[in-house]
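Q: The structure file query_20.cif (mmCIF, C-alpha atoms; chains and numbers go by the auth columns) is provided below.
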data_upload
loop_
_atom_site.group_PDB
_atom_site.id
_atom_site.type_symbol
_atom_site.label_atom_id
_atom_site.label_comp_id
_atom_site.label_asym_id
_atom_site.label_seq_id
_atom_site.Cartn_x
_atom_site.Cartn_y
_atom_site.Cartn_z
_atom_site.B_iso_or_equiv
_atom_site.auth_seq_id
_atom_site.auth_asym_id
ATOM 1 C CA GLN A 1 0.000 0.000 0.000 0.00 1 E
ATOM 2 C CA VAL A 2 1.395 3.366 -1.039 0.00 2 E
ATOM 3 C CA GLN A 3 1.189 6.119 1.562 0.00 3 E
ATOM 4 C CA LEU A 4 1.828 9.736 0.716 0.00 4 E
ATOM 5 C CA VAL A 5 3.482 12.136 3.144 0.00 5 E
ATOM 6 C CA GLU A 6 2.610 15.820 2.861 0.00 6 E
ATOM 7 C CA SER A 7 4.221 18.812 4.516 0.00 7 E
ATOM 8 C CA GLY A 8 4.415 22.578 4.272 0.00 8 E
ATOM 9 C CA GLY A 9 0.967 23.920 5.111 0.00 9 E
ATOM 10 C CA GLY A 10 0.331 26.651 7.626 0.00 10 E
ATOM 11 C CA LEU A 11 -0.901 30.168 8.279 0.00 11 E
ATOM 12 C CA VAL A 12 0.324 33.069 6.159 0.00 12 E
ATOM 13 C CA GLN A 13 -0.752 36.637 5.483 0.00 13 E
ATOM 14 C CA ALA A 14 -2.177 37.646 2.134 0.00 14 E
ATOM 15 C CA GLY A 15 0.625 38.222 -0.354 0.00 15 E
ATOM 16 C CA GLY A 16 2.855 35.696 1.328 0.00 16 E
ATOM 17 C CA SER A 17 4.234 32.375 0.144 0.00 17 E
ATOM 18 C CA LEU A 18 4.168 28.741 1.146 0.00 18 E
ATOM 19 C CA ARG A 19 5.705 25.612 -0.350 0.00 19 E
ATOM 20 C CA LEU A 20 3.992 22.261 -0.115 0.00 20 E
ATOM 21 C CA SER A 21 5.683 18.947 -0.677 0.00 21 E
ATOM 22 C CA CYS A 22 4.392 15.411 -1.048 0.00 22 E
ATOM 23 C CA ALA A 23 6.381 12.212 -1.263 0.00 23 E
ATOM 24 C CA ALA A 24 5.719 8.526 -1.688 0.00 24 E
ATOM 25 C CA PRO A 25 8.563 7.024 0.327 0.00 25 E
ATOM 26 C CA GLY A 26 9.404 3.455 -0.439 0.00 26 E
ATOM 27 C CA SER A 27 7.505 3.301 -3.715 0.00 27 E
ATOM 28 C CA THR A 28 9.434 1.614 -6.491 0.00 28 E
ATOM 29 C CA ASN A 29 6.994 2.528 -9.238 0.00 29 E
ATOM 30 C CA THR A 30 7.206 5.597 -11.438 0.00 30 E
ATOM 31 C CA ALA A 31 4.424 8.124 -11.111 0.00 31 E
ATOM 32 C CA THR A 32 2.618 9.082 -14.292 0.00 32 E
ATOM 33 C CA VAL A 33 0.744 12.043 -12.797 0.00 33 E
ATOM 34 C CA MET A 34 1.405 14.087 -9.671 0.00 34 E
ATOM 35 C CA GLY A 35 -0.808 16.886 -8.564 0.00 35 E
ATOM 36 C CA TRP A 36 -2.477 19.021 -5.938 0.00 36 E
ATOM 37 C CA TYR A 37 -6.153 19.501 -5.187 0.00 37 E
ATOM 38 C CA ARG A 38 -7.865 21.619 -2.567 0.00 38 E
ATOM 39 C CA GLN A 39 -11.129 21.704 -0.720 0.00 39 E
ATOM 40 C CA ALA A 40 -12.508 24.741 1.026 0.00 40 E
ATOM 41 C CA PRO A 41 -15.309 24.484 3.617 0.00 41 E
ATOM 42 C CA GLY A 42 -18.642 23.858 1.926 0.00 42 E
ATOM 43 C CA LYS A 43 -17.079 23.402 -1.494 0.00 43 E
ATOM 44 C CA GLN A 44 -16.115 20.475 -3.671 0.00 44 E
ATOM 45 C CA ARG A 45 -12.536 19.356 -4.052 0.00 45 E
ATOM 46 C CA GLU A 46 -10.964 21.043 -7.062 0.00 46 E
ATOM 47 C CA LEU A 47 -7.829 20.689 -9.108 0.00 47 E
ATOM 48 C CA VAL A 48 -5.089 23.196 -8.333 0.00 48 E
ATOM 49 C CA ALA A 49 -2.263 21.935 -10.531 0.00 49 E
ATOM 50 C CA ARG A 50 -0.833 18.723 -11.872 0.00 50 E
ATOM 51 C CA ILE A 51 2.254 17.590 -13.681 0.00 51 E
ATOM 52 C CA PHE A 52 2.513 14.778 -16.181 0.00 52 E
ATOM 53 C CA SER A 53 5.710 12.726 -16.324 0.00 53 E
ATOM 54 C CA GLY A 54 7.768 14.521 -18.957 0.00 54 E
ATOM 55 C CA ARG A 55 4.760 16.001 -20.697 0.00 55 E
ATOM 56 C CA GLY A 56 3.880 19.317 -19.126 0.00 56 E
ATOM 57 C CA THR A 57 1.701 20.890 -16.496 0.00 57 E
ATOM 58 C CA GLU A 58 -1.865 22.022 -15.963 0.00 58 E
ATOM 59 C CA TYR A 59 -3.120 24.772 -13.654 0.00 59 E
ATOM 60 C CA SER A 60 -6.518 26.000 -12.626 0.00 60 E
ATOM 61 C CA ASP A 61 -7.236 29.505 -13.847 0.00 61 E
ATOM 62 C CA SER A 62 -7.448 30.793 -10.289 0.00 62 E
ATOM 63 C CA VAL A 63 -3.784 30.022 -9.542 0.00 63 E
ATOM 64 C CA LYS A 64 -2.097 30.599 -12.897 0.00 64 E
ATOM 65 C CA GLY A 65 0.843 32.950 -12.566 0.00 65 E
ATOM 66 C CA ARG A 66 0.941 32.578 -8.771 0.00 66 E
ATOM 67 C CA PHE A 67 1.526 28.869 -8.133 0.00 67 E
ATOM 68 C CA THR A 68 4.212 26.639 -9.604 0.00 68 E
ATOM 69 C CA ILE A 69 4.136 22.843 -9.567 0.00 69 E
ATOM 70 C CA SER A 70 7.278 20.784 -9.943 0.00 70 E
ATOM 71 C CA GLY A 71 8.144 17.160 -9.532 0.00 71 E
ATOM 72 C CA ASP A 72 11.019 14.794 -9.014 0.00 72 E
ATOM 73 C CA ASN A 73 10.120 11.496 -10.650 0.00 73 E
ATOM 74 C CA ALA A 74 13.227 9.788 -9.313 0.00 74 E
ATOM 75 C CA LYS A 75 11.975 10.470 -5.789 0.00 75 E
ATOM 76 C CA ASN A 76 8.233 10.354 -6.557 0.00 76 E
ATOM 77 C CA THR A 77 7.943 13.762 -4.943 0.00 77 E
ATOM 78 C CA VAL A 78 5.805 16.702 -6.008 0.00 78 E
ATOM 79 C CA TYR A 79 6.040 20.313 -4.860 0.00 79 E
ATOM 80 C CA LEU A 80 3.714 23.276 -5.006 0.00 80 E
ATOM 81 C CA GLN A 81 5.228 26.729 -4.650 0.00 81 E
ATOM 82 C CA MET A 82 2.456 29.157 -3.774 0.00 82 E
ATOM 83 C CA ASP A 83 3.175 32.872 -4.103 0.00 83 E
ATOM 84 C CA SER A 84 0.980 35.948 -3.829 0.00 84 E
ATOM 85 C CA LEU A 85 -1.448 34.002 -1.694 0.00 85 E
ATOM 86 C CA LYS A 86 -4.985 35.282 -1.299 0.00 86 E
ATOM 87 C CA PRO A 87 -7.598 34.604 1.413 0.00 87 E
ATOM 88 C CA GLU A 88 -9.596 32.633 -1.160 0.00 88 E
ATOM 89 C CA ASP A 89 -6.710 30.160 -1.377 0.00 89 E
ATOM 90 C CA THR A 90 -7.590 29.004 2.152 0.00 90 E
ATOM 91 C CA ALA A 91 -8.380 25.283 2.003 0.00 91 E
ATOM 92 C CA VAL A 92 -7.135 21.826 2.811 0.00 92 E
ATOM 93 C CA TYR A 93 -4.654 20.860 0.116 0.00 93 E
ATOM 94 C CA TYR A 94 -4.380 17.234 -0.960 0.00 94 E
ATOM 95 C CA CYS A 95 -1.689 15.726 -3.100 0.00 95 E
ATOM 96 C CA LEU A 96 -2.376 12.986 -5.603 0.00 96 E
ATOM 97 C CA ILE A 97 0.120 10.640 -7.187 0.00 97 E
ATOM 98 C CA ARG A 98 -0.887 8.145 -9.835 0.00 98 E
ATOM 99 C CA PHE A 99 0.904 4.836 -10.160 0.00 99 E
ATOM 100 C CA SER A 100 -0.160 2.298 -12.784 0.00 100 E
ATOM 101 C CA LEU A 101 -3.572 3.902 -13.354 0.00 101 E
ATOM 102 C CA ARG A 102 -4.342 3.985 -9.627 0.00 102 E
ATOM 103 C CA ASN A 103 -4.618 7.240 -7.687 0.00 103 E
ATOM 104 C CA TYR A 104 -3.194 7.680 -4.214 0.00 104 E
ATOM 105 C CA TRP A 105 -4.121 10.617 -2.003 0.00 105 E
ATOM 106 C CA GLY A 106 -2.325 12.392 0.793 0.00 106 E
ATOM 107 C CA GLU A 107 -4.032 13.056 4.095 0.00 107 E
ATOM 108 C CA GLY A 108 -4.318 16.775 3.436 0.00 108 E
ATOM 109 C CA THR A 109 -2.574 19.824 4.814 0.00 109 E
ATOM 110 C CA GLN A 110 -4.290 23.024 5.918 0.00 110 E
ATOM 111 C CA VAL A 111 -3.392 26.302 4.236 0.00 111 E
ATOM 112 C CA THR A 112 -4.875 29.414 5.802 0.00 112 E
ATOM 113 C CA VAL A 113 -4.368 32.865 4.300 0.00 113 E
ATOM 114 C CA SER A 114 -5.331 35.806 6.481 0.00 114 E
ATOM 115 C CA SER A 115 -6.366 39.158 5.065 0.00 115 E
#
In structure tokens, write the structure found in this file.

A:
Amino acid sequence: QVQLVESGGGLVQAGGSLRLSCAAPGSTNTATVMGWYRQAPGKQRELVARIFSGRGTEYSDSVKGRFTISGDNAKNTVYLQMDSLKPEDTAVYYCLIRFSLRNYWGEGTQVTVSS
């Protein structure tokens, strides 16, 4: 069973930055997709950004130009650099890593942006 380990959430003022990371320690498979989703109170979980092994990235319109996703396939680790944070970015952030057509989710990390 693959378990993902997330870190990097916290409380930050509007305009600040945070960096999230997510790893799949011990996994010997190669991830085909790595990404981040978020869920705010009362809302559905939504895609933030994802990266495809060697084939580019995808961002939601709400974070384009402010967030940057990157990945290390050798370590099965994905990062999310979040700059110019806004109060509306407040949510629980979940990482997703796909191995062999199966998705694995992290436990979630809280990001709170104060105004």

Q: Which residues fall under the PyMOL selection byres ((chain E and resi 32) around 9) in this file, as a list of chain:residue names?

A: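 Checking the PyMOL selection byres ((chain E and resi 32) around 9) against this file, the residues are E:Thr30, E:Ala31, E:Val33, E:Met34, E:Ile51, E:Phe52, E:Ser53, E:Gly54, E:Asn73, E:Ile97, E:Arg98, E:Phe99, E:Ser100, E:Leu101.
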
Q: Emit the selected residues as a PDB file, in the frame of the given file, including C-alpha atoms.

A:
ATOM      1  CA  THR E  30       7.206   5.597 -11.438  1.00  0.00           C
ATOM      2  CA  ALA E  31       4.424   8.124 -11.111  1.00  0.00           C
ATOM      3  CA  VAL E  33       0.744  12.043 -12.797  1.00  0.00           C
ATOM      4  CA  MET E  34       1.405  14.087  -9.671  1.00  0.00           C
ATOM      5  CA  ILE E  51       2.254  17.590 -13.681  1.00  0.00           C
ATOM      6  CA  PHE E  52       2.513  14.778 -16.181  1.00  0.00           C
ATOM      7  CA  SER E  53       5.710  12.726 -16.324  1.00  0.00           C
ATOM      8  CA  GLY E  54       7.768  14.521 -18.957  1.00  0.00           C
ATOM      9  CA  ASN E  73      10.120  11.496 -10.650  1.00  0.00           C
ATOM     10  CA  ILE E  97       0.120  10.640  -7.187  1.00  0.00           C
ATOM     11  CA  ARG E  98      -0.887   8.145  -9.835  1.00  0.00           C
ATOM     12  CA  PHE E  99       0.904   4.836 -10.160  1.00  0.00           C
ATOM     13  CA  SER E 100      -0.160   2.298 -12.784  1.00  0.00           C
ATOM     14  CA  LEU E 101      -3.572   3.902 -13.354  1.00  0.00           C
TER      15      LEU E 101
END

Q: Nearest to Ser114 (chain E) among E:Ile69, E:Ala23, E:Leu85, E:Ala49, with distances taken over all atoms listed in the file: which residue is it?

A: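 Of all the options, E:Leu85 lies closest to Ser114 (chain E).
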
Q: Any chance you could work out the residue set of the PyMOL selection byres ((chain E and resi 106-111) around 7) here, as a PyMOL selection string?

A: chain E and resi 4-7+9-11+90-96+104-105+112-113

Q: For CA of Arg45 (chain E) and CA of Tyr59 (chain E), quote the distance in Å rounded to one decimal.

A: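 Pair CA of Arg45 (chain E) / CA of Tyr59 (chain E) returns 14.5 Å.
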
Q: Just give me the gap between CA of Gly8 (chain E) and CA of Gln81 (chain E) in Å, one decimal is fine.

A: 9.9 Å

Q: Using only C-alpha atoms, which residue out of E:Ser115, E:Ser21, E:Gln1, E:Ser27 lies closest to Thr68 (chain E)?

A: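 Using only C-alpha atoms, Thr68 (chain E) sits closest to E:Ser21.
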
Q: Residues near Val63 (chain E), anyone? I mean within 10 Å using only C-alpha atoms, not counting same-chain ones fewer than 6 positions away, as a list in words.

A: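 Returned residues: Val48, Ala49, Met82, Asp83, Ser84, Leu85, Lys86 and Asp89 of chain E.
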
Q: What residues have an atom no more than 6 Å from (-2.5, 21.1, -8.6) in the file's own frame, counting all atoms listed in the file, and can you write them as a PyMOL selection string?

A: chain E and resi 35-37+47-50

Q: What does the distance between CA of Gly26 (chain E) and CA of Gln39 (chain E) come to in Å, to one decimal place?

A: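 If I compute the distance from CA of Gly26 (chain E) to CA of Gln39 (chain E), I get 27.5 Å.
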
Q: Give the padded box for region 52-60 of chain E as AutoDock Vina command-line options: axis-aligned, covering all atoms listed in the file, 6 Å on each side, centre and edge lengths in Å to one decimal.

A:
--center_x 0.6 --center_y 19.4 --center_z -16.7 --size_x 26.3 --size_y 25.3 --size_z 20.1

Q: Could you check which of E:Ser60, E:Gly65, E:Val12, E:Val78 is closest to Arg38 (chain E), using all atoms listed in the file?

A: E:Ser60

Q: Which of these residues is nearest to Val2 (chain E), using all atoms listed in the file: E:Ala40, E:Arg102, E:Pro87, E:Leu80?

A: E:Arg102

Q: Considering only C-alpha atoms, state which residue in the set E:Thr57, E:Glu88, E:Tyr79, E:Phe67 is at the smallest distance from Ser17 (chain E).

A: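 Ranking E:Thr57, E:Glu88, E:Tyr79, E:Phe67 by distance to Ser17 (chain E), first place goes to E:Phe67.
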